[in-house]
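Novice: Structure incoming, see below.
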Amino acid sequence: MAEGPLYPGESLGFRAWRLEPDGLHSLNMDHRWASVESEASCLRPESHGLRRLWDRPHPPELIPAADCSCGIFAYRTVEMAEYYARSLGGSVLGAVACSGRMQVYRHGARAQRARILALLLPPWGLVGEPARQLEEAASRVARELGVPLFPSNRIPEFLEYC
């Protein structure tokens, strides 16, 4: 992976998660977001199936490192996060404030840390009982994390809030 420029500070990004009985999980790897904030770690390549050029995990101060897939991914737009969610089976979208060491790319960034700002129910075709179950589960997770949950028909308000 080519190295992107590094920026200090905080950056707004959008991502998708799988919603499971115990909370939010990243789509690419088995990482549960146990709190509103998450810090990336570098895992051995066999633990997540992504190619990595390092022989062993590198120190936390190098996350996200060039030529490694480590870091918390976030997209620049809700539309990109939605596309990603649809492709990989995501069930909820959200906005995050990325911080720490960051590598910025055309469509988004990889960050050392991310803090969930708000969650958004997906704007695609769930109706009836599946929609009700998703809304209940997402509401519970939003309450546990202390973040607002926006329905899919309130995307402008979601963006304004973020």
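A note on labels: chains of the structure tokens are A, B, ... as shown, every chain counts residues from 1, and ligands are counted from 1 in their shown order.
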Name the residues of chain A that come out as strand (DSSP E or B) in a backbone DSSP run; write them as a PyMOL selection string.
Specialist: chain A and resi 6+10-20+23-25+32-33+37-39+72-75+92-104+108-120+149-150
Novice: Could you save those same residues with N, CA and C atoms as a short mmCIF file (atom, residue, chain, number, x, y, z; two decimals), in the first residue's frame?
Specialist:
```cif
data_model
loop_
_atom_site.label_atom_id
_atom_site.label_comp_id
_atom_site.auth_asym_id
_atom_site.auth_seq_id
_atom_site.Cartn_x
_atom_site.Cartn_y
_atom_site.Cartn_z
N LEU A 6 0.86 12.35 6.04
CA LEU A 6 0.45 12.29 7.44
C LEU A 6 -0.02 13.67 7.89
N GLU A 10 -7.61 16.14 14.03
CA GLU A 10 -8.78 15.27 13.97
C GLU A 10 -9.46 15.46 12.63
N SER A 11 -10.01 14.38 12.09
CA SER A 11 -10.63 14.43 10.78
C SER A 11 -11.94 13.66 10.81
N LEU A 12 -12.97 14.20 10.19
CA LEU A 12 -14.27 13.54 10.11
C LEU A 12 -14.24 12.46 9.05
N GLY A 13 -14.77 11.31 9.37
CA GLY A 13 -14.87 10.22 8.42
C GLY A 13 -16.15 9.44 8.64
N PHE A 14 -16.45 8.57 7.70
CA PHE A 14 -17.67 7.76 7.77
C PHE A 14 -17.30 6.31 7.57
N ARG A 15 -17.98 5.43 8.30
CA ARG A 15 -17.69 4.01 8.20
C ARG A 15 -18.95 3.18 8.38
N ALA A 16 -18.78 1.88 8.22
CA ALA A 16 -19.88 0.94 8.39
C ALA A 16 -19.44 -0.14 9.37
N TRP A 17 -20.41 -0.72 10.05
CA TRP A 17 -20.16 -1.80 10.99
C TRP A 17 -21.20 -2.90 10.79
N ARG A 18 -20.86 -4.10 11.26
CA ARG A 18 -21.85 -5.17 11.43
C ARG A 18 -22.45 -4.96 12.81
N LEU A 19 -23.73 -5.10 12.89
CA LEU A 19 -24.41 -4.99 14.18
C LEU A 19 -24.71 -6.41 14.65
N GLU A 20 -24.07 -6.81 15.74
CA GLU A 20 -24.26 -8.16 16.29
C GLU A 20 -24.83 -8.04 17.69
N GLY A 23 -22.88 -5.90 20.02
CA GLY A 23 -22.52 -4.53 19.63
C GLY A 23 -21.99 -4.41 18.22
N LEU A 24 -21.23 -3.33 18.00
CA LEU A 24 -20.68 -3.03 16.68
C LEU A 24 -19.39 -3.81 16.44
N HIS A 25 -19.26 -4.33 15.22
CA HIS A 25 -18.04 -5.04 14.82
C HIS A 25 -17.55 -4.48 13.49
N ARG A 32 -14.47 -5.88 17.89
CA ARG A 32 -15.68 -5.32 18.49
C ARG A 32 -15.36 -3.94 19.05
N TRP A 33 -16.20 -2.98 18.70
CA TRP A 33 -16.05 -1.62 19.24
C TRP A 33 -16.75 -1.61 20.60
N GLU A 37 -14.78 4.99 21.69
CA GLU A 37 -13.44 5.22 21.13
C GLU A 37 -12.74 3.90 20.89
N SER A 38 -11.95 3.87 19.83
CA SER A 38 -11.20 2.66 19.50
C SER A 38 -9.81 3.06 19.06
N GLU A 39 -8.83 2.26 19.43
CA GLU A 39 -7.45 2.50 19.02
C GLU A 39 -7.00 1.30 18.19
N ILE A 72 -7.56 2.31 11.54
CA ILE A 72 -9.03 2.34 11.48
C ILE A 72 -9.41 3.07 10.20
N PHE A 73 -10.13 2.38 9.35
CA PHE A 73 -10.52 2.94 8.06
C PHE A 73 -11.77 3.80 8.19
N ALA A 74 -11.77 4.92 7.48
CA ALA A 74 -12.95 5.78 7.39
C ALA A 74 -12.96 6.41 6.00
N TYR A 75 -14.15 6.60 5.48
CA TYR A 75 -14.31 7.20 4.15
C TYR A 75 -14.65 8.68 4.28
N VAL A 92 -25.04 -1.01 9.83
CA VAL A 92 -25.24 0.34 10.36
C VAL A 92 -24.07 1.22 9.89
N LEU A 93 -24.36 2.48 9.64
CA LEU A 93 -23.35 3.44 9.22
C LEU A 93 -23.09 4.40 10.37
N GLY A 94 -22.02 5.18 10.26
CA GLY A 94 -21.76 6.15 11.30
C GLY A 94 -20.67 7.12 10.93
N ALA A 95 -20.57 8.18 11.73
CA ALA A 95 -19.53 9.19 11.57
C ALA A 95 -18.53 9.01 12.70
N VAL A 96 -17.24 9.16 12.37
CA VAL A 96 -16.19 9.05 13.36
C VAL A 96 -15.25 10.25 13.27
N ALA A 97 -14.67 10.61 14.40
CA ALA A 97 -13.62 11.61 14.45
C ALA A 97 -12.31 10.84 14.54
N CYS A 98 -11.54 10.88 13.46
CA CYS A 98 -10.26 10.17 13.41
C CYS A 98 -9.17 11.06 13.98
N SER A 99 -8.24 10.45 14.72
CA SER A 99 -7.18 11.25 15.33
C SER A 99 -5.91 10.43 15.46
N GLY A 100 -4.89 11.09 15.98
CA GLY A 100 -3.59 10.45 16.10
C GLY A 100 -2.89 10.46 14.75
N ARG A 101 -2.08 9.49 14.55
CA ARG A 101 -1.38 9.35 13.27
C ARG A 101 -2.40 8.95 12.21
N MET A 102 -2.40 9.62 11.07
CA MET A 102 -3.34 9.32 9.99
C MET A 102 -2.63 9.27 8.65
N GLN A 103 -3.10 8.39 7.81
CA GLN A 103 -2.67 8.37 6.42
C GLN A 103 -3.91 8.68 5.59
N VAL A 104 -3.83 9.73 4.81
CA VAL A 104 -4.98 10.22 4.07
C VAL A 104 -4.85 9.84 2.61
N GLY A 108 -10.53 8.37 1.53
CA GLY A 108 -10.66 8.29 2.97
C GLY A 108 -9.32 8.28 3.67
N ALA A 109 -9.29 7.62 4.82
CA ALA A 109 -8.07 7.63 5.62
C ALA A 109 -7.99 6.37 6.47
N ARG A 110 -6.78 6.10 6.97
CA ARG A 110 -6.54 5.12 8.02
C ARG A 110 -6.02 5.91 9.20
N ALA A 111 -6.55 5.64 10.36
CA ALA A 111 -6.18 6.42 11.54
C ALA A 111 -5.73 5.53 12.70
N GLN A 112 -4.99 6.14 13.59
CA GLN A 112 -4.55 5.47 14.80
C GLN A 112 -5.71 5.29 15.78
N ARG A 113 -6.57 6.31 15.85
CA ARG A 113 -7.71 6.28 16.77
C ARG A 113 -8.96 6.82 16.07
N ALA A 114 -10.12 6.39 16.55
CA ALA A 114 -11.38 6.94 16.06
C ALA A 114 -12.40 6.96 17.20
N ARG A 115 -13.23 7.99 17.18
CA ARG A 115 -14.29 8.16 18.17
C ARG A 115 -15.62 8.27 17.42
N ILE A 116 -16.57 7.44 17.78
CA ILE A 116 -17.88 7.46 17.11
C ILE A 116 -18.63 8.72 17.53
N LEU A 117 -19.09 9.47 16.53
CA LEU A 117 -19.86 10.69 16.78
C LEU A 117 -21.37 10.43 16.74
N ALA A 118 -21.81 9.63 15.78
CA ALA A 118 -23.23 9.36 15.61
C ALA A 118 -23.38 8.11 14.74
N LEU A 119 -24.52 7.45 14.87
CA LEU A 119 -24.84 6.29 14.03
C LEU A 119 -26.01 6.65 13.12
N LEU A 120 -26.08 5.94 12.00
CA LEU A 120 -27.10 6.19 10.98
C LEU A 120 -27.65 4.85 10.51
N LEU A 149 -28.61 8.25 17.31
CA LEU A 149 -28.92 7.39 16.17
C LEU A 149 -29.89 8.13 15.28
N PHE A 150 -29.55 8.26 14.02
CA PHE A 150 -30.39 8.95 13.05
C PHE A 150 -31.06 7.94 12.13
#
```
Novice: For Gln133 of chain A, list every protein, DNA or RNA residue within 12 Å, evaluated using only C-alpha atoms, and leave out those in the same chain fewer than 5 positions away; present the list as a tab-separated table (two decimals) with N, CA, C and O atoms, in the first residue's frame.
Specialist:
```tsv
chain	number	residue	atom	x	y	z
A	19	LEU	N	-23.73	-5.10	12.89
A	19	LEU	CA	-24.41	-4.99	14.18
A	19	LEU	C	-24.71	-6.41	14.65
A	19	LEU	O	-25.46	-7.13	14.01
A	20	GLU	N	-24.07	-6.81	15.74
A	20	GLU	CA	-24.26	-8.16	16.29
A	20	GLU	C	-24.83	-8.04	17.69
A	20	GLU	O	-24.87	-6.95	18.25
A	21	PRO	N	-25.29	-9.14	18.27
A	21	PRO	CA	-25.91	-9.06	19.60
A	21	PRO	C	-25.06	-8.36	20.65
A	21	PRO	O	-25.58	-7.72	21.55
A	91	SER	N	-24.43	-3.35	8.53
A	91	SER	CA	-25.81	-3.14	8.92
A	91	SER	C	-26.08	-1.77	9.53
A	91	SER	O	-27.24	-1.42	9.72
A	121	LEU	N	-28.99	4.70	10.58
A	121	LEU	CA	-29.59	3.50	10.02
A	121	LEU	C	-29.39	3.52	8.52
A	121	LEU	O	-29.48	4.59	7.89
A	126	LEU	N	-34.68	-2.38	3.98
A	126	LEU	CA	-35.26	-3.25	4.99
A	126	LEU	C	-36.65	-2.76	5.34
A	126	LEU	O	-36.87	-1.56	5.52
A	127	VAL	N	-37.59	-3.68	5.44
A	127	VAL	CA	-38.96	-3.33	5.83
A	127	VAL	C	-39.48	-4.38	6.81
A	127	VAL	O	-38.90	-5.45	6.96
A	128	GLY	N	-40.56	-4.06	7.46
A	128	GLY	CA	-41.22	-5.01	8.35
A	128	GLY	C	-40.37	-5.39	9.54
A	128	GLY	O	-39.64	-4.58	10.11
A	138	ALA	N	-29.84	-1.23	16.90
A	138	ALA	CA	-29.05	-0.01	16.72
A	138	ALA	C	-29.35	1.01	17.82
A	138	ALA	O	-28.43	1.67	18.31
A	139	SER	N	-30.60	1.12	18.22
A	139	SER	CA	-30.97	2.03	19.31
A	139	SER	C	-30.29	1.63	20.61
A	139	SER	O	-29.78	2.47	21.35
A	140	ARG	N	-30.27	0.33	20.89
A	140	ARG	CA	-29.63	-0.16	22.10
A	140	ARG	C	-28.13	0.15	22.09
A	140	ARG	O	-27.59	0.67	23.06
```
Novice: So which residues of segment 49-134 of chain A fall under helix (DSSP H, G or I) by DSSP, listed as a list in words?
Specialist: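 Everything in segment 49-134 of chain A that counts as helix (DSSP H, G or I) is Pro60, Glu61, Leu62, Val78, Glu79, Met80, Ala81, Glu82, Tyr83, Tyr84, Ala85, Arg86, Ser87, Leu88, Gly128, Glu129, Pro130, Ala131, Arg132, Gln133 and Leu134 of chain A.
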Novice: Let me make sure I understand: among A:Val147, A:Cys162, A:Leu62, A:Leu27, which one has the smallest atom-to-atom distance to Ala85 of chain A if we use only C-alpha atoms?
Specialist: A:Leu27
Novice: When you count only C-alpha atoms, which of these residues is closest to Arg143 of chain A: A:Leu88, A:Cys68, A:Ile63, A:Val36?
Specialist: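 Counting only C-alpha atoms, the residue closest to Arg143 of chain A is A:Val36.
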